[in-house]
Amino acid sequence: MLRTASESATGDLAAATHLGAYRHMLLARLLDDKFAALYRAGKIQGGVFLGRGQEALSASIGVSLQKNDIFAPLIRDAAGRLAFGETILDAIRTYMGSALGPMRGRDGNVHRGRPQDGYLPMISHLGAMISVVNGALLARRFKKITGIVGVACIGEGATSTGSFHEALNQAAVEKLPLVLIVANNQYAYSTPTQRQFACEDLADKAPGYGVEAHRLKGNDLTDCLRGVGEAVKRARFDGGPQLVVADLLRLCGHGEHDDAGYVTQAHKDSALGRDCLKVAEKFMLEEGWVTGEQLEVWRSQMIHEIEEAVAQVQREPAPDPFAEEWQALSCGGLSDLRMD
């Protein structure tokens, strides 16, 4: 059947979007694998928290945002961070404590970002970042900056906190362009969802706040691109706050120190337990957008790039507490904090 020009363009756009998101997913997975190996070798101080199983959701966030938007990722959002502009070197430098990293080796390895670029370092107390994004959005509003979106990411456990309630209520009252992403990965650390909330579906919480809800399959890249993209679009064009609930399963422990023995076999065998990377590969191969050979080339190239970056960072200095200038990461002075 002959396709029209518009159908062909739509298909090409879908292919490019999927392939771009998939590359971020694959790079995030390979980076995670390397971090896990470095952790086991004693090369990383602190914890290592992997995003296996959440890459499709995370990458969909990053590719849906624009340069001036605000992004507050979580520990499992490596794919989204990369799609939003984080470099491999930034990630590795922070995990390995390099003084040349974005946080200059000062903080734990998951609290990294570049605030001046709208990429916010996370707060470990989950739910707290929603208010931070709200504040950044209000600051833009006061400065008459329009057309931007702020995304805050949480897990389903954070919906049980007071921070979630207060911040979502504030965003709704102020009609902020907030997109709140809930990765419902079935366990808040080791606590199952039935011990976290009594509602059948987290999306049911949205109407109580006057917020629009979107529910999607968190391990299906196509569904994530559609659902997250629609939520971001609606928020950007005066649709108010959007709540996105993505159902998936964390395919690893809470951290590399956790064997995830509490995850039930029923969950692993369910549709939630599908690996989003494999689901995306199968779909793109069936669509004829990529070949198996091309996937292997990408994988080899990314592994080489990661290994080179790790070798470089291992030669870089650690922070020297006696020589460090203990000041804010932004070095512009107090005048930069004044509102015009």
# chains A, B, ... in the order shown; residues from 1 in each chain; ligands from 1
>>> residues_around(residues="stretch 270-277 of chain A", least_positions_apart="6", cutoff="12 Å", atoms="only C-alpha atoms", output="count of residues only")
47
>>> select_by_dssp(residues="stretch 147-332 of chain A", states="strand (DSSP E or B)", output="JSON, numbers by chain")
{"A": [150, 151, 152, 153, 154, 155, 178, 179, 180, 181, 182, 183, 184, 187, 188, 191, 192, 212, 213, 214, 215, 216, 217, 242, 243, 244, 245, 246, 247]}
>>> residues_around(residues="A:Ser190", least_positions_apart="2", cutoff="8 Å", atoms="only C-alpha atoms", output="compact mmCIF listing (two decimals) with C-alpha atoms, in the first residue's frame")
# COMPACT_ATOMS: atom_id res chain seq x y z
CA TYR A 187 8.23 -1.74 45.76
CA ALA A 188 9.22 1.27 47.87
CA PRO A 192 5.02 -3.66 48.31
CA HIS A 254 17.06 -1.07 45.51
CA ALA A 260 15.81 -8.00 45.92
CA TYR A 262 11.45 -9.79 48.40
CA VAL A 263 10.35 -9.44 44.75
>>> select_by_dssp(residues="stretch 115-303 of chain A", states="alpha helix (DSSP H)", output="number ranges by chain")
A: 128-142, 162-174, 206-209, 221-236, 265-269, 276-287, 292-303
>>> write_last_selection(atoms="C-alpha atoms", output="compact mmCIF listing (two decimals), in the first residue's frame")
# COMPACT_ATOMS: atom_id res chain seq x y z
CA ALA A 128 10.80 17.00 48.38
CA MET A 129 11.93 17.78 44.82
CA ILE A 130 8.36 18.50 43.69
CA SER A 131 8.33 21.70 45.74
CA VAL A 132 11.76 22.64 44.38
CA VAL A 133 10.47 22.34 40.82
CA ASN A 134 7.37 24.33 41.79
CA GLY A 135 9.62 27.08 43.11
CA ALA A 136 11.68 27.14 39.93
CA LEU A 137 8.50 27.36 37.84
CA LEU A 138 7.16 30.20 39.97
CA ALA A 139 10.47 32.04 39.61
CA ARG A 140 10.16 31.77 35.83
CA ARG A 141 6.60 33.07 36.06
CA PHE A 142 7.71 36.08 38.10
CA GLY A 162 3.28 14.88 53.07
CA SER A 163 5.70 16.51 50.60
CA PHE A 164 3.80 14.93 47.73
CA HIS A 165 0.45 16.19 48.99
CA GLU A 166 1.56 19.74 49.72
CA ALA A 167 3.50 20.20 46.49
CA LEU A 168 0.90 18.71 44.18
CA ASN A 169 -1.80 20.78 45.85
CA GLN A 170 0.30 23.93 45.41
CA ALA A 171 0.99 23.16 41.75
CA ALA A 172 -2.73 22.65 41.12
CA VAL A 173 -3.76 25.87 42.88
CA GLU A 174 -1.11 27.88 41.04
CA ALA A 206 -5.17 13.11 40.54
CA PRO A 207 -8.85 14.26 40.39
CA GLY A 208 -8.80 15.03 44.10
CA TYR A 209 -6.20 17.69 43.44
CA LEU A 221 8.91 2.66 24.95
CA THR A 222 6.13 3.47 22.49
CA ASP A 223 3.58 3.96 25.25
CA CYS A 224 6.04 6.00 27.32
CA LEU A 225 6.90 8.32 24.42
CA ARG A 226 3.21 8.83 23.73
CA GLY A 227 2.08 9.31 27.33
CA VAL A 228 4.96 11.44 28.58
CA GLY A 229 5.00 13.47 25.38
CA GLU A 230 1.28 14.22 25.69
CA ALA A 231 1.59 15.20 29.35
CA VAL A 232 4.51 17.55 28.64
CA LYS A 233 2.63 19.10 25.71
CA ARG A 234 -0.48 19.73 27.79
CA ALA A 235 1.51 21.29 30.62
CA ARG A 236 3.47 23.48 28.20
CA GLN A 265 8.13 -14.63 41.22
CA ALA A 266 4.62 -13.66 40.12
CA HIS A 267 5.83 -10.11 39.53
CA LYS A 268 8.89 -11.31 37.63
CA ASP A 269 6.75 -13.53 35.38
CA CYS A 276 11.99 -2.50 28.42
CA LEU A 277 15.25 -2.64 26.46
CA LYS A 278 14.31 -5.99 24.89
CA VAL A 279 10.74 -4.81 24.25
CA ALA A 280 12.03 -1.74 22.39
CA GLU A 281 14.56 -3.75 20.38
CA LYS A 282 11.94 -6.27 19.28
CA PHE A 283 9.54 -3.54 18.20
CA MET A 284 12.14 -1.58 16.22
CA LEU A 285 13.44 -4.71 14.50
CA GLU A 286 9.90 -5.70 13.50
CA GLU A 287 9.28 -2.20 12.13
CA GLY A 292 20.55 -6.55 14.67
CA GLU A 293 23.99 -5.70 13.29
CA GLN A 294 23.41 -2.00 13.88
CA LEU A 295 22.36 -2.65 17.47
CA GLU A 296 25.59 -4.54 18.07
CA VAL A 297 27.65 -1.73 16.52
CA TRP A 298 26.00 0.81 18.84
CA ARG A 299 26.62 -1.40 21.84
CA SER A 300 30.31 -1.86 20.99
CA GLN A 301 30.81 1.86 20.35
CA MET A 302 29.16 2.81 23.65
CA ILE A 303 31.16 0.29 25.66
>>> residues_around(residues="stretch 42-44 of chain A", least_positions_apart="2", cutoff="7 Å", atoms="only C-alpha atoms", output="list in words")
Leu38, Tyr39, Arg40, Gly46, Tyr95 and Met96 of chain A
>>> write_last_selection(atoms="N, CA and C atoms", output="short mmCIF file (atom, residue, chain, number, x, y, z; two decimals), in the first residue's frame")
data_model
loop_
_atom_site.label_atom_id
_atom_site.label_comp_id
_atom_site.auth_asym_id
_atom_site.auth_seq_id
_atom_site.Cartn_x
_atom_site.Cartn_y
_atom_site.Cartn_z
N LEU A 38 32.30 -1.52 38.90
CA LEU A 38 33.23 -0.68 39.65
C LEU A 38 32.92 -0.74 41.14
N TYR A 39 31.64 -0.80 41.47
CA TYR A 39 31.23 -0.89 42.88
C TYR A 39 31.74 -2.19 43.49
N ARG A 40 31.54 -3.28 42.76
CA ARG A 40 31.98 -4.59 43.27
C ARG A 40 33.51 -4.66 43.39
N GLY A 46 30.21 4.75 48.56
CA GLY A 46 28.77 5.01 48.65
C GLY A 46 28.00 3.94 47.89
N TYR A 95 30.18 9.65 40.16
CA TYR A 95 30.22 8.35 40.82
C TYR A 95 31.59 8.03 41.39
N MET A 96 32.64 8.49 40.72
CA MET A 96 33.99 8.14 41.16
C MET A 96 34.65 9.25 41.97
#
>>> residues_around(residues="stretch 65-72 of chain A", least_positions_apart="5", cutoff="7 Å", atoms="only C-alpha atoms", output="list of chain:residue names")
A:Gly118, A:Tyr119, A:Leu120, A:Pro121, A:Met122, A:Met129, A:Ile148, A:Val149, A:Gly150, A:Val151, A:Ala152, A:Cys153
>>> write_last_selection(atoms="N, CA and C atoms", output="short mmCIF file (atom, residue, chain, number, x, y, z; two decimals), in the first residue's frame")
data_model
loop_
_atom_site.label_atom_id
_atom_site.label_comp_id
_atom_site.auth_asym_id
_atom_site.auth_seq_id
_atom_site.Cartn_x
_atom_site.Cartn_y
_atom_site.Cartn_z
N GLY A 118 18.95 24.06 34.46
CA GLY A 118 17.64 23.46 34.68
C GLY A 118 17.68 22.00 35.04
N TYR A 119 18.87 21.47 35.28
CA TYR A 119 19.06 20.05 35.62
C TYR A 119 19.39 19.99 37.11
N LEU A 120 18.40 19.61 37.93
CA LEU A 120 18.51 19.76 39.37
C LEU A 120 19.05 18.51 40.06
N PRO A 121 20.02 18.68 40.97
CA PRO A 121 20.47 17.55 41.78
C PRO A 121 19.33 17.11 42.70
N MET A 122 19.16 15.82 42.84
CA MET A 122 18.03 15.32 43.61
C MET A 122 18.24 15.46 45.12
N MET A 129 11.54 17.08 46.06
CA MET A 129 11.93 17.78 44.82
C MET A 129 10.74 18.39 44.09
N ILE A 148 7.65 27.05 29.26
CA ILE A 148 8.56 26.05 29.83
C ILE A 148 7.77 25.05 30.66
N VAL A 149 8.41 23.92 30.92
CA VAL A 149 7.80 22.83 31.68
C VAL A 149 8.79 22.38 32.74
N GLY A 150 8.28 21.98 33.88
CA GLY A 150 9.12 21.38 34.91
C GLY A 150 8.69 19.95 35.17
N VAL A 151 9.62 19.03 35.17
CA VAL A 151 9.33 17.62 35.44
C VAL A 151 9.99 17.20 36.74
N ALA A 152 9.21 16.63 37.63
CA ALA A 152 9.73 16.05 38.87
C ALA A 152 9.41 14.56 38.86
N CYS A 153 10.40 13.75 39.19
CA CYS A 153 10.25 12.30 39.17
C CYS A 153 10.22 11.75 40.60
#
>>> residues_around(residues="A:Ile154", least_positions_apart="2", cutoff="9 Å", atoms="only C-alpha atoms", output="number ranges by chain")
A: 73-74, 126-127, 129-130, 152, 156-159, 180-184
>>> atom_distance(atom1="atom CA of A:Glu324", atom2="atom CA of A:Ile306")
28.3 Å
>>> residues_around(residues="A:Glu212", least_positions_apart="4", cutoff="9 Å", atoms="only C-alpha atoms", output="NGL selection string")
:A and (203 or 206-207 or 231 or 239-244)
